[in-house]
Protein chains: 2
Amino acid sequence: MSPDIYLESTPLHEALTKWLKRLDSEGIVRPLSGETIKVIDSLERVTAEAVIAKISSPFYHSSAMDGYAVRFADTFGVSERTPKRLKIGDQAVYVDTGDPMPEGFNAVIMIEDVNIIKAQSIEHRAQSNDFIEIIAPATPWQHVRVIGEDIVATELILPENHSIRPVDIGAMLAGGHIEVVVRKRPKVVIIPTGTEIVEPGTELKKGDIIEYNSRVLGGLVSEWGGRPVRFRIIPDRIEELKKAILDAHGMGDLIVINAGASAGSEDFTANAINELGEVILHGVSIKPGKPVLMGLIRGKPVLGIPGYPVSAYITFSLFAKPIIYKWQGLEIEEPEILRAKISRQAASTLGQEEFLRVKVGKVGDNFIATPISRGAGVLMSLVRADGFVRIPAMSEGIGAGTEINVELMRSKGDIENTIVCIGSHDNALDLLANILKKTYPMFSLSSAHVGSMGGLLALKKGEAHMAGTHLLDEETGEYNVSFIKRLLPDKNILLINLVYREQGLLVPKGNPKNIKGFEDLIRSDVVFVNRQSGAGTRLLTDKCLRELGITPKDVKGYEREEYTHMGVASAVLTGVADTGLAILASARALNLDFIPIAKERYDLAIPQEFFKAEMLRCLVRIIREDTEFRDMVIRLGGYDISDMGKVMYEG
Amino acid sequence: MSPDIYLESTPLHEALTKWLKRLDSEGIVRPLSGETIKVIDSLERVTAEAVIAKISSPFYHSSAMDGYAVRFADTFGVSERTPKRLKIGDQAVYVDTGDPMPEGFNAVIMIEDVNIIKAQSIEHRAQSNDFIEIIAPATPWQHVRVIGEDIVATELILPENHSIRPVDIGAMLAGGHIEVVVRKRPKVVIIPTGTEIVEPGTELKKGDIIEYNSRVLGGLVSEWGGRPVRFRIIPDRIEELKKAILDAHGMGDLIVINAGASAGSEDFTANAINELGEVILHGVSIKPGKPVLMGLIRGKPVLGIPGYPVSAYITFSLFAKPIIYKWQGLEIEEPEILRAKISRQAASTLGQEEFLRVKVGKVGDNFIATPISRGAGVLMSLVRADGFVRIPAMSEGIGAGTEINVELMRSKGDIENTIVCIGSHDNALDLLANILKKTYPMFSLSSAHVGSMGGLLALKKGEAHMAGTHLLDEETGEYNVSFIKRLLPDKNILLINLVYREQGLLVPKGNPKNIKGFEDLIRSDVVFVNRQSGAGTRLLTDKCLRELGITPKDVKGYEREEYTHMGVASAVLTGVADTGLAILASARALNLDFIPIAKERYDLAIPQEFFKAEMLRCLVRIIREDTEFRDMVIRLGGYDISDMGKVMYEG
């Protein structure tokens with residue numbers, strides 16, 4: 001049996017059309033039948049029938065003011081010069097706002113406009129021989145809420161297929177309804193599969209995979225108005241899977257199997273669906289998400305969703321969301337589209353429509369989209385993403401600077417309130433991001449790690465509000481300033497110190513290979529992990545090697561580049577490398593040993609033009625004044641904050 | 001005691017600042033403390049602490065592909081011309097995607113790229129003396145998901161004050177969390193007050209008011225992330241109210257009293273708050289919503305919300321929403337603002353900031369905002385509204401055609417998919433709106449009733465997609481065509497028949513005043529209710545009077561104008577008038593008697609330029625083909641649909 005037996009590569013549009021048309025032709029995607037619920041519990045549900053007013057609101061003529069009900073005919077000819085007295089109880093009756101009009105009365109005079117004529121007191125509800133004096137005539141029905149002013153019986157309050165909002169609840173109650181017929185919420189049964197899959201919270205052993213996709217998909221179902229039902233984890237055994245599918249078939253409207261949709265030796269989803277029903281389509285030319293699978297079992301749609309979390313998210317959104325909406329009688333809202341310039345090129349495979357995750361920031365007048373990790377297994381790329389860019393199947397990629405459409409996942413307002421920091425990575429930036437969000441919930445700090453030099457270039461191109469930088473000028477011994485003058489001659493830059501920090505070689509706990517310094521990197525049993533070129537840490541590495549007369553080709557692993565300190569620490573922790581240069585905080589975080597090499601200055605470069613913006617002023621206020629932030633940085637270890645917030649250069 | 005004792009008139013901005021500053025100075029609007037819940041239940045909750053990864057994901061090196069794990073050093077020098085065999089089990093180990101890498105192995109070769117050399121079969125998991133043959137070297141860690149590829153232990157997964165989305169749930173679980181600390185949901189206790197207030201579903205008697213405001217406010221609380229607690233209805237007795245407030249004080253974070261905030265004889269809210277604590281502010285110069293009241297009782301905020309539903313909605317949004325958001329550590333999202341042209345003038349009281357409800361439609365390239373009912377008691381004005389226009393306190397109003405900002409309540413996309421029908425009212429239009437939404441959930445039909453002439457003028461000004469019209473040319477006896485030619489000489493108009501319908505005089509059941517025709521309108525005991533000028537029905541009225549030689553001033557009530565057939569029917573039903581001219585369907589709806597006067601043609605005028613739009617084509621398809629629609633129109637009574645959908649004129 002060839003492993004590729006089922007996998008096709010259908011273009012996305014064609015696949016979607018085929019899937020939905022087929023379900024339509026089977027009568028499967030019609031709105032679900034209605035169920036009767038209490039109006040007061042109907043928020044965010046969808047009407048399954050038009051709601052017609054049973055009674056008018058108000059259902060009797062009532063006073064719209066506090067005052068006296070009168071017969072307008074009794075007020076003819078009244079003026080300031082010819083005032084008139086009306087006998088209380090007979091010609092004028094006190095009414096509060098909302099009180100029914102007494103029979104035969106047809107106008108209200110406001111309390112402010114009458115003079116109460118009474119011997120003893122000025123009590124409102126006067127008796128017998130008291131009068132009101134008026135100085136202007138009343139017009140018919142003035143200050144009266146006539147029957148049906150708000151709602152007329154038989155009037156349409158809500159049409160069918162309407163999402164119920166708080167005001168709609170009020171209007172239904174006012175119109176005499178205490179129950180409403182709403183669409184049943186589509187039930188989606190999600191079956192997590194895989195022998196290696198374990199429940200969150202299980203004691204983990206190598207080879208275990210924590211099951212979280214079903215929770216992500218379930219969350220999406222809830223957001224879309226459906227009801228997720230999470231099945232127990234099913235191991236990779238086809239008979240068990242088939243039994244689970246049949247059980248799920250009785251439980252919901254849509255059955256989702258995650259994963260086993262690929263063509264590997266343990267991917268049984270296609271076979272299981274084929275034996276129980278029919279595979280409509282297997283394999284769509286999208287990236288990520290290619291092995292998605294659509295089927296039909298005894299009149300119910302079945303989706304085989306790939307296992308990688310990003311693939312799962314994207315394919316589920318593409319192929320499940322339209323059905324869940326149609327079942328509710330709702331139309332999918334188009335995502336907000338933002339025109340943005342892409343900051344880096346993104347190559348793409350011809351023949352596959354790619355869903356590129358991007359971060360977006362507004363720098364000056366431009367929206368800038370920066371691609372983030374493209375791995376189908378990197379869920380954090382979705383957590384961090386502000387939106388998607390779709391690269392068409394017939395495109396080989398997008399060049400840097402190209403204008404593209406971003407399908408937003410966050411609101412434009414949020415994006416406009418986000419500080420874009422591109423440059424060198426430092427753990428203190430993560431703390432800063434958190435404290436900013438905590439102190440000023442409207443603002444966010446988004447950082448992309450491309451190294452110090454990359455950060456300054458981003459400022460030059462107008463793609464960032466600030467850059468973290470620690471570039472040592474070997475000639476002057478000064479940090480950052482000469483680079484800024486050289487790279488950004490036209491910009492007025494404010495250089496603010498964040499921290500001084502210790503760089504050193506990370507080694508596993510106990511230093512098993514007894515590494516003492518850069519001189520050990522030429523040993524045949526030592527594998528190094530490097531930082532990308534343009535990183536301040538890379539410059540420091542190269543300086544250290546040069547001073548020792550070591551050429552890069554003699555260092556094993558010199559060509560393996562990581563983009564962050566934590567990346568280097570992780571490589572050392574996990575045995576991918578024996579050592580690498582990074583900051584102390586990263587060693588502390590992963591409990592590694594640390595051989596100090598240098599103390600360096602880490603600054604933030606901020607163009608003066610952005611410094612005036614409220615969000616940057618708030619950020620700098622935290623750097624300068626927030627004691628919680630300072631304490632947290634100190635606790636990271638290896639930091640000197642004596643110049644934190646100080647202006648190091650202003651140009 | 002003067003009823004005006006508490007009411008001030010503070011400008012909105014000042015009131016908001018005073019309220020929030022005061023709460024802030026008392027330490028009341030800080031984010032609420034956290035509570036620990038399961039990650040899988042945390043959708044849409046807000047983090048109360050940063051979420052830091054406890055473990056890396058993946059937490060072991062794992063294969064990213066189905067294939068063979070190898071040591072990359074074993075593959076040096078391999079090429080197509082110098083292939084190499086690796087012994088299975090020893091130098092190459094089969095791995096499925098996600099399997100942990102065997103100890104010491106550091107690259108994966110995809111199954112597609114190996115040739116399995118075996119005597120008997122091509123089983124994947126071969127034993128003993130089987131080999132794979134490769135024709136290219138492996139690079140270190142190729143097709144391996146290294147530890148932390150997605151999440152590195154100690155990494156920030158979510159900052160504090162972050163609204164949890166489905167992907168965030170996945171990331172927390174992947175990062176080793178099964179619980180998360182989220183903000184407590186703010187509890188808002190809503191006390192409905194009023195002796196006249198009754199629960200929905202109660203047998204109604206005159207003077208009763210159905211209590212629905214608490215459900216609208218509660219729905220808003222839920223939408224804003226809080227938890228509404230609805231107190232029982234409290235009658236207008238100050239001691240009971242005070243006791244209720246004290247009970248509510250122990251139950252929630254914010255106490256809301258609705259209503260009794262005005263200055264009438266039964267408005268005890270201000271007194272009650274004053275006796276239990278402090279009234280911070282009473283009376284804000286907004287319309288509607290002036291009598292809103294803010295107070296503080298033993299460290300908890302109290303709001304007195306006016307009783308009219310629109311006032312309640314607006315004041316609650318203004319004064320409660322910011323607190324509920326701040327308690328969650330969230331920032332209020334700014335409403336989407338749309339620039340639109342206002343189609344009618346809207347006068348406004350100087351010194352009051354007015355919240356005008358508008359319907360918005362996109363006609364051609366312009367967004368057109370049309371003011372709707374301004375009564376504080378008209379909840380349907382909120383149900384029907386697409387947004388608010390704020391008329392500043394220092395403005396006396398907005399002239400027709402002015403560009404204004406609309407704070408949207410519906411999405412711009414929805415608005416773009418709405419057919420704007422301005423013109424004469426017909427009950428069949430309501431049915432059409434419902435069937436359109438049911439059949440094509442993406443499209444809506446919004447109709448404004450300004451009479452036939454007003455509809456044609458709206459087409460002329462580019463403010464509507466279509467107009468309902470029934471204008472009889474007395475000279476030719478023809479309906480609509482001559483008016484279109486005269487009023488819209490520059491437009492190409494398609495005139496489609498909707499119905500023929502019967503107009504007649506409505507009278508109460510049994511016709512108590514024995515009205516036989518227009519000749520009875522001059523009787524001294526008969527009060528008429530008219531339609532607004534420009535309405536086709538008004539033209540018919542005037543024609544009938546003229547033919548009988550009756551002058552308008554001899555008709556009592558001639559000057560009282562209603563804007564819809566149902567308005568006329570309602571006036572007759574409720575005794576506001578004895579008779580009025582309207583269509584049979586409106587008589588049927590309210591069970592009135594009907595004296596036939598004329599049969600008339602009701603057409604829809606649609607400019608050709610709009611007719612091409614998908615939404616209008618869908619609408620016309622319903623008119624022409626939908627049998628459910630036809631059946632429903634027939635059931636309304638008094639309609640002849642023999643020409644329904646037929647083109648009556650094309651110019």
# chains A, B, ... in the order shown; residues from 1 in each chain; ligands from 1
>>> closest_atom_pairs(of="chain B", to="chain A", cutoff="6 Å", atoms="only C-alpha atoms", output="Markdown table")
| residue | atom | partner | partner_atom | distance |
| --- | --- | --- | --- | --- |
| B:Asp99 | CA | A:Gly207 | CA | 5.8 |
| B:Pro100 | CA | A:Gly207 | CA | 5.0 |
| B:Asp150 | CA | A:Val378 | CA | 4.6 |
| B:Pro159 | CA | A:Asn434 | CA | 4.9 |
| B:Glu160 | CA | A:Lys438 | CA | 5.6 |
| B:Asn161 | CA | A:Lys438 | CA | 6.0 |
| B:Pro166 | CA | A:Val216 | CA | 4.6 |
| B:Val167 | CA | A:Val216 | CA | 5.4 |
| B:Gly170 | CA | A:Tyr212 | CA | 5.1 |
| B:Gly207 | CA | A:Pro100 | CA | 5.1 |
| B:Tyr212 | CA | A:Gly170 | CA | 5.1 |
| B:Val216 | CA | A:Pro166 | CA | 4.6 |
| B:Gly219 | CA | A:Pro166 | CA | 4.7 |
| B:Leu220 | CA | A:Pro166 | CA | 6.0 |
| B:Leu330 | CA | A:Pro441 | CA | 5.7 |
| B:Glu331 | CA | A:Met442 | CA | 5.3 |
| B:Val378 | CA | A:Asp150 | CA | 4.6 |
| B:Val383 | CA | A:Val167 | CA | 6.0 |
| B:Asn434 | CA | A:Pro159 | CA | 4.9 |
| B:Lys438 | CA | A:Glu160 | CA | 5.6 |
| B:Pro441 | CA | A:Leu330 | CA | 5.7 |
| B:Met442 | CA | A:Glu331 | CA | 5.3 |
>>> write_last_selection(atoms="N, CA, C and O atoms", output="PDB file, in the first residue's frame")
ATOM      1  N   ASP B  99       7.322  11.359  16.736  1.00  0.00           N
ATOM      2  CA  ASP B  99       8.053  10.401  17.575  1.00  0.00           C
ATOM      3  C   ASP B  99       9.304  11.055  18.131  1.00  0.00           C
ATOM      4  O   ASP B  99       9.944  11.869  17.469  1.00  0.00           O
ATOM      5  N   PRO B 100       9.703  10.677  19.370  1.00  0.00           N
ATOM      6  CA  PRO B 100      10.959  11.207  19.895  1.00  0.00           C
ATOM      7  C   PRO B 100      12.141  10.667  19.109  1.00  0.00           C
ATOM      8  O   PRO B 100      12.097   9.546  18.600  1.00  0.00           O
ATOM      9  N   ASP B 150       8.554  25.393  19.500  1.00  0.00           N
ATOM     10  CA  ASP B 150       7.346  26.202  19.630  1.00  0.00           C
ATOM     11  C   ASP B 150       7.455  27.126  20.846  1.00  0.00           C
ATOM     12  O   ASP B 150       7.411  28.347  20.710  1.00  0.00           O
ATOM     13  N   PRO B 159       0.731  37.903  28.350  1.00  0.00           N
ATOM     14  CA  PRO B 159       0.923  38.933  29.374  1.00  0.00           C
ATOM     15  C   PRO B 159      -0.307  39.032  30.274  1.00  0.00           C
ATOM     16  O   PRO B 159      -1.352  38.440  29.987  1.00  0.00           O
ATOM     17  N   GLU B 160      -0.169  39.773  31.336  1.00  0.00           N
ATOM     18  CA  GLU B 160      -1.309  40.091  32.189  1.00  0.00           C
ATOM     19  C   GLU B 160      -2.298  40.949  31.398  1.00  0.00           C
ATOM     20  O   GLU B 160      -1.903  41.629  30.453  1.00  0.00           O
ATOM     21  N   ASN B 161      -3.567  40.893  31.770  1.00  0.00           N
ATOM     22  CA  ASN B 161      -4.614  41.703  31.125  1.00  0.00           C
ATOM     23  C   ASN B 161      -4.863  41.306  29.673  1.00  0.00           C
ATOM     24  O   ASN B 161      -5.180  42.152  28.837  1.00  0.00           O
ATOM     25  N   PRO B 166      -9.016  31.125  21.677  1.00  0.00           N
ATOM     26  CA  PRO B 166      -8.801  29.676  21.545  1.00  0.00           C
ATOM     27  C   PRO B 166      -7.319  29.292  21.416  1.00  0.00           C
ATOM     28  O   PRO B 166      -6.865  28.361  22.079  1.00  0.00           O
ATOM     29  N   VAL B 167      -6.558  30.000  20.602  1.00  0.00           N
ATOM     30  CA  VAL B 167      -5.138  29.632  20.443  1.00  0.00           C
ATOM     31  C   VAL B 167      -4.373  29.799  21.745  1.00  0.00           C
ATOM     32  O   VAL B 167      -3.416  29.058  22.018  1.00  0.00           O
ATOM     33  N   GLY B 170      -4.567  26.711  23.789  1.00  0.00           N
ATOM     34  CA  GLY B 170      -3.612  25.713  23.303  1.00  0.00           C
ATOM     35  C   GLY B 170      -2.206  25.994  23.794  1.00  0.00           C
ATOM     36  O   GLY B 170      -1.500  25.097  24.264  1.00  0.00           O
ATOM     37  N   GLY B 207     -51.735  50.295  33.427  1.00  0.00           N
ATOM     38  CA  GLY B 207     -50.848  50.865  34.435  1.00  0.00           C
ATOM     39  C   GLY B 207     -49.633  50.001  34.700  1.00  0.00           C
ATOM     40  O   GLY B 207     -48.634  50.492  35.203  1.00  0.00           O
ATOM     41  N   TYR B 212     -38.232  45.161  31.612  1.00  0.00           N
ATOM     42  CA  TYR B 212     -37.250  44.568  30.701  1.00  0.00           C
ATOM     43  C   TYR B 212     -35.907  45.279  30.745  1.00  0.00           C
ATOM     44  O   TYR B 212     -34.904  44.747  30.298  1.00  0.00           O
ATOM     45  N   VAL B 216     -31.921  44.134  29.581  1.00  0.00           N
ATOM     46  CA  VAL B 216     -31.065  44.810  28.595  1.00  0.00           C
ATOM     47  C   VAL B 216     -29.724  45.149  29.252  1.00  0.00           C
ATOM     48  O   VAL B 216     -28.648  44.842  28.717  1.00  0.00           O
ATOM     49  N   GLY B 219     -27.713  42.076  29.864  1.00  0.00           N
ATOM     50  CA  GLY B 219     -27.096  41.606  28.618  1.00  0.00           C
ATOM     51  C   GLY B 219     -25.842  42.398  28.289  1.00  0.00           C
ATOM     52  O   GLY B 219     -24.827  41.842  27.863  1.00  0.00           O
ATOM     53  N   LEU B 220     -25.907  43.697  28.519  1.00  0.00           N
ATOM     54  CA  LEU B 220     -24.715  44.527  28.284  1.00  0.00           C
ATOM     55  C   LEU B 220     -23.583  44.104  29.222  1.00  0.00           C
ATOM     56  O   LEU B 220     -22.434  43.968  28.802  1.00  0.00           O
ATOM     57  N   LEU B 330      -9.043  45.718  31.296  1.00  0.00           N
ATOM     58  CA  LEU B 330      -9.202  45.865  29.843  1.00  0.00           C
ATOM     59  C   LEU B 330      -9.446  47.323  29.495  1.00  0.00           C
ATOM     60  O   LEU B 330      -9.943  48.105  30.306  1.00  0.00           O
ATOM     61  N   GLU B 331      -9.102  47.652  28.291  1.00  0.00           N
ATOM     62  CA  GLU B 331      -9.390  48.977  27.777  1.00  0.00           C
ATOM     63  C   GLU B 331     -10.611  48.862  26.867  1.00  0.00           C
ATOM     64  O   GLU B 331     -10.745  47.900  26.120  1.00  0.00           O
ATOM     65  N   VAL B 378     -38.502  54.996  23.158  1.00  0.00           N
ATOM     66  CA  VAL B 378     -38.653  54.151  21.976  1.00  0.00           C
ATOM     67  C   VAL B 378     -37.464  53.190  21.875  1.00  0.00           C
ATOM     68  O   VAL B 378     -36.452  53.476  21.241  1.00  0.00           O
ATOM     69  N   VAL B 383     -33.147  49.131  18.627  1.00  0.00           N
ATOM     70  CA  VAL B 383     -33.162  47.854  17.904  1.00  0.00           C
ATOM     71  C   VAL B 383     -32.857  48.103  16.431  1.00  0.00           C
ATOM     72  O   VAL B 383     -32.107  47.363  15.800  1.00  0.00           O
ATOM     73  N   ASN B 434     -37.977  40.296   6.086  1.00  0.00           N
ATOM     74  CA  ASN B 434     -37.775  39.048   6.811  1.00  0.00           C
ATOM     75  C   ASN B 434     -37.363  37.914   5.886  1.00  0.00           C
ATOM     76  O   ASN B 434     -36.449  37.160   6.175  1.00  0.00           O
ATOM     77  N   LYS B 438     -33.879  35.756   5.754  1.00  0.00           N
ATOM     78  CA  LYS B 438     -33.977  34.306   5.917  1.00  0.00           C
ATOM     79  C   LYS B 438     -33.305  33.579   4.756  1.00  0.00           C
ATOM     80  O   LYS B 438     -32.585  32.605   4.944  1.00  0.00           O
ATOM     81  N   PRO B 441     -28.863  35.331   4.287  1.00  0.00           N
ATOM     82  CA  PRO B 441     -28.561  35.926   5.605  1.00  0.00           C
ATOM     83  C   PRO B 441     -27.585  37.097   5.539  1.00  0.00           C
ATOM     84  O   PRO B 441     -27.528  37.901   6.458  1.00  0.00           O
ATOM     85  N   MET B 442     -26.801  37.197   4.472  1.00  0.00           N
ATOM     86  CA  MET B 442     -25.836  38.300   4.408  1.00  0.00           C
ATOM     87  C   MET B 442     -26.493  39.635   4.100  1.00  0.00           C
ATOM     88  O   MET B 442     -25.897  40.672   4.336  1.00  0.00           O
TER      89      MET B 442
END
>>> select_by_dssp(residues="stretch 265-418 of chain A", states="strand (DSSP E)", output="PyMOL selection string")
chain A and resi 278-282+286-287+293-297+300-305+337-342+346-347+353-363+366-371+387-391+397-398+403-408+418
>>> residues_around(residues="stretch 7-24 of chain A", least_positions_apart="2", cutoff="8 Å", atoms="only C-alpha atoms", output="ChimeraX atom specification")
/A:4-5,26-30,262-263,280-286,290-291,294,301,318-319,323,352-353
>>> select_by_dssp(residues="stretch 158-348 of chain A", states="alpha helix (DSSP H)", output="MDAnalysis selection string")
chainID A and resid 166:174 213:223 238:249 269:276 309:319 321:328
>>> atom_distance(atom1="atom CA of B:Arg630", atom2="atom CA of B:Leu495")
18.9 Å
>>> atom_distance(atom1="atom CA of B:Val499", atom2="atom CA of B:Pro596")
16.6 Å
>>> residues_around(residues="B:Tyr68", least_positions_apart="6", cutoff="8 Å", atoms="only C-alpha atoms", output="PDB file with N, CA and C atoms, in the first residue's frame")
ATOM      1  N   ALA B  92      19.907   3.594  11.290  1.00  0.00           N
ATOM      2  CA  ALA B  92      18.677   4.272  10.848  1.00  0.00           C
ATOM      3  C   ALA B  92      17.505   3.657  11.601  1.00  0.00           C
ATOM      4  N   VAL B  93      16.672   4.517  12.154  1.00  0.00           N
ATOM      5  CA  VAL B  93      15.523   4.034  12.931  1.00  0.00           C
ATOM      6  C   VAL B  93      14.261   4.701  12.396  1.00  0.00           C
ATOM      7  N   TYR B  94      13.254   3.883  12.080  1.00  0.00           N
ATOM      8  CA  TYR B  94      12.034   4.455  11.548  1.00  0.00           C
ATOM      9  C   TYR B  94      11.336   5.317  12.596  1.00  0.00           C
ATOM     10  N   VAL B  95      10.897   6.515  12.195  1.00  0.00           N
ATOM     11  CA  VAL B  95      10.144   7.396  13.099  1.00  0.00           C
ATOM     12  C   VAL B  95       8.926   7.958  12.364  1.00  0.00           C
ATOM     13  N   VAL B 108      16.640  13.562  10.381  1.00  0.00           N
ATOM     14  CA  VAL B 108      15.639  12.641   9.846  1.00  0.00           C
ATOM     15  C   VAL B 108      15.670  12.736   8.330  1.00  0.00           C
ATOM     16  N   ILE B 109      15.655  11.583   7.686  1.00  0.00           N
ATOM     17  CA  ILE B 109      15.528  11.559   6.222  1.00  0.00           C
ATOM     18  C   ILE B 109      14.106  11.112   5.901  1.00  0.00           C
ATOM     19  N   MET B 110      13.439  11.906   5.073  1.00  0.00           N
ATOM     20  CA  MET B 110      12.032  11.628   4.779  1.00  0.00           C
ATOM     21  C   MET B 110      11.882  10.281   4.103  1.00  0.00           C
ATOM     22  N   ILE B 111      10.765   9.638   4.383  1.00  0.00           N
ATOM     23  CA  ILE B 111      10.475   8.313   3.825  1.00  0.00           C
ATOM     24  C   ILE B 111      10.541   8.325   2.296  1.00  0.00           C
TER      25      ILE B 111
END
>>> closest_residue(among="B:Met644, B:Glu396, B:Asp113, B:Asp247", to="B:Asp626", atoms="only C-alpha atoms")
B:Met644
>>> residues_around(residues="B:Thr36", least_positions_apart="4", cutoff="9 Å", atoms="only C-alpha atoms", output="PyMOL selection string")
chain B and resi 179-183
>>> residues_around(residues="B:Ile337", least_positions_apart="3", cutoff="7 Å", atoms="only C-alpha atoms", output="list in words")
Asn405, Val406, Glu407 and Leu408 of chain B
>>> residues_around(residues="B:Phe367", least_positions_apart="3", cutoff="9 Å", atoms="only C-alpha atoms", output="ChimeraX atom specification")
/B:338-342,360-364,415-416,463
>>> write_last_selection(atoms="N, CA, C and O atoms", output="JSON list (two decimals), in the first residue's frame")
[["chain", "number", "residue", "atom", "x", "y", "z"],
["B", 338, "LEU", "N", -17.72, 55.88, 11.36],
["B", 338, "LEU", "CA", -17.95, 55.94, 9.93],
["B", 338, "LEU", "C", -18.32, 57.37, 9.57],
["B", 338, "LEU", "O", -19.16, 57.98, 10.24],
["B", 339, "ARG", "N", -17.71, 57.91, 8.53],
["B", 339, "ARG", "CA", -18.14, 59.22, 8.02],
["B", 339, "ARG", "C", -19.35, 59.00, 7.13],
["B", 339, "ARG", "O", -19.33, 58.16, 6.25],
["B", 340, "ALA", "N", -20.39, 59.74, 7.40],
["B", 340, "ALA", "CA", -21.60, 59.59, 6.59],
["B", 340, "ALA", "C", -22.25, 60.95, 6.40],
["B", 340, "ALA", "O", -21.96, 61.91, 7.11],
["B", 341, "LYS", "N", -23.13, 61.01, 5.40],
["B", 341, "LYS", "CA", -23.91, 62.22, 5.17],
["B", 341, "LYS", "C", -25.27, 62.04, 5.81],
["B", 341, "LYS", "O", -25.89, 61.00, 5.63],
["B", 342, "ILE", "N", -25.71, 63.03, 6.54],
["B", 342, "ILE", "CA", -27.02, 62.89, 7.18],
["B", 342, "ILE", "C", -28.10, 63.29, 6.19],
["B", 342, "ILE", "O", -27.96, 64.28, 5.47],
["B", 360, "VAL", "N", -27.97, 53.57, 8.81],
["B", 360, "VAL", "CA", -26.95, 53.93, 7.84],
["B", 360, "VAL", "C", -27.01, 52.96, 6.67],
["B", 360, "VAL", "O", -27.23, 51.76, 6.86],
["B", 361, "GLY", "N", -26.86, 53.49, 5.49],
["B", 361, "GLY", "CA", -26.81, 52.63, 4.32],
["B", 361, "GLY", "C", -25.74, 53.14, 3.38],
["B", 361, "GLY", "O", -25.35, 54.32, 3.44],
["B", 362, "LYS", "N", -25.23, 52.25, 2.54],
["B", 362, "LYS", "CA", -24.27, 52.70, 1.54],
["B", 362, "LYS", "C", -24.97, 52.73, 0.20],
["B", 362, "LYS", "O", -25.38, 51.69, -0.32],
["B", 363, "VAL", "N", -25.12, 53.92, -0.33],
["B", 363, "VAL", "CA", -25.79, 54.08, -1.61],
["B", 363, "VAL", "C", -24.77, 54.63, -2.58],
["B", 363, "VAL", "O", -24.25, 55.73, -2.37],
["B", 364, "GLY", "N", -24.45, 53.85, -3.60],
["B", 364, "GLY", "CA", -23.35, 54.24, -4.48],
["B", 364, "GLY", "C", -22.09, 54.29, -3.64],
["B", 364, "GLY", "O", -21.79, 53.35, -2.90],
["B", 415, "ILE", "N", -23.48, 46.90, 6.97],
["B", 415, "ILE", "CA", -24.12, 48.10, 6.44],
["B", 415, "ILE", "C", -24.00, 48.13, 4.92],
["B", 415, "ILE", "O", -24.94, 48.50, 4.21],
["B", 416, "GLU", "N", -22.85, 47.70, 4.44],
["B", 416, "GLU", "CA", -22.66, 47.67, 2.98],
["B", 416, "GLU", "C", -23.57, 46.65, 2.32],
["B", 416, "GLU", "O", -23.82, 46.72, 1.14],
["B", 463, "GLU", "N", -29.79, 58.84, -1.98],
["B", 463, "GLU", "CA", -29.82, 58.41, -0.58],
["B", 463, "GLU", "C", -30.52, 57.08, -0.38],
["B", 463, "GLU", "O", -30.64, 56.62, 0.76]]
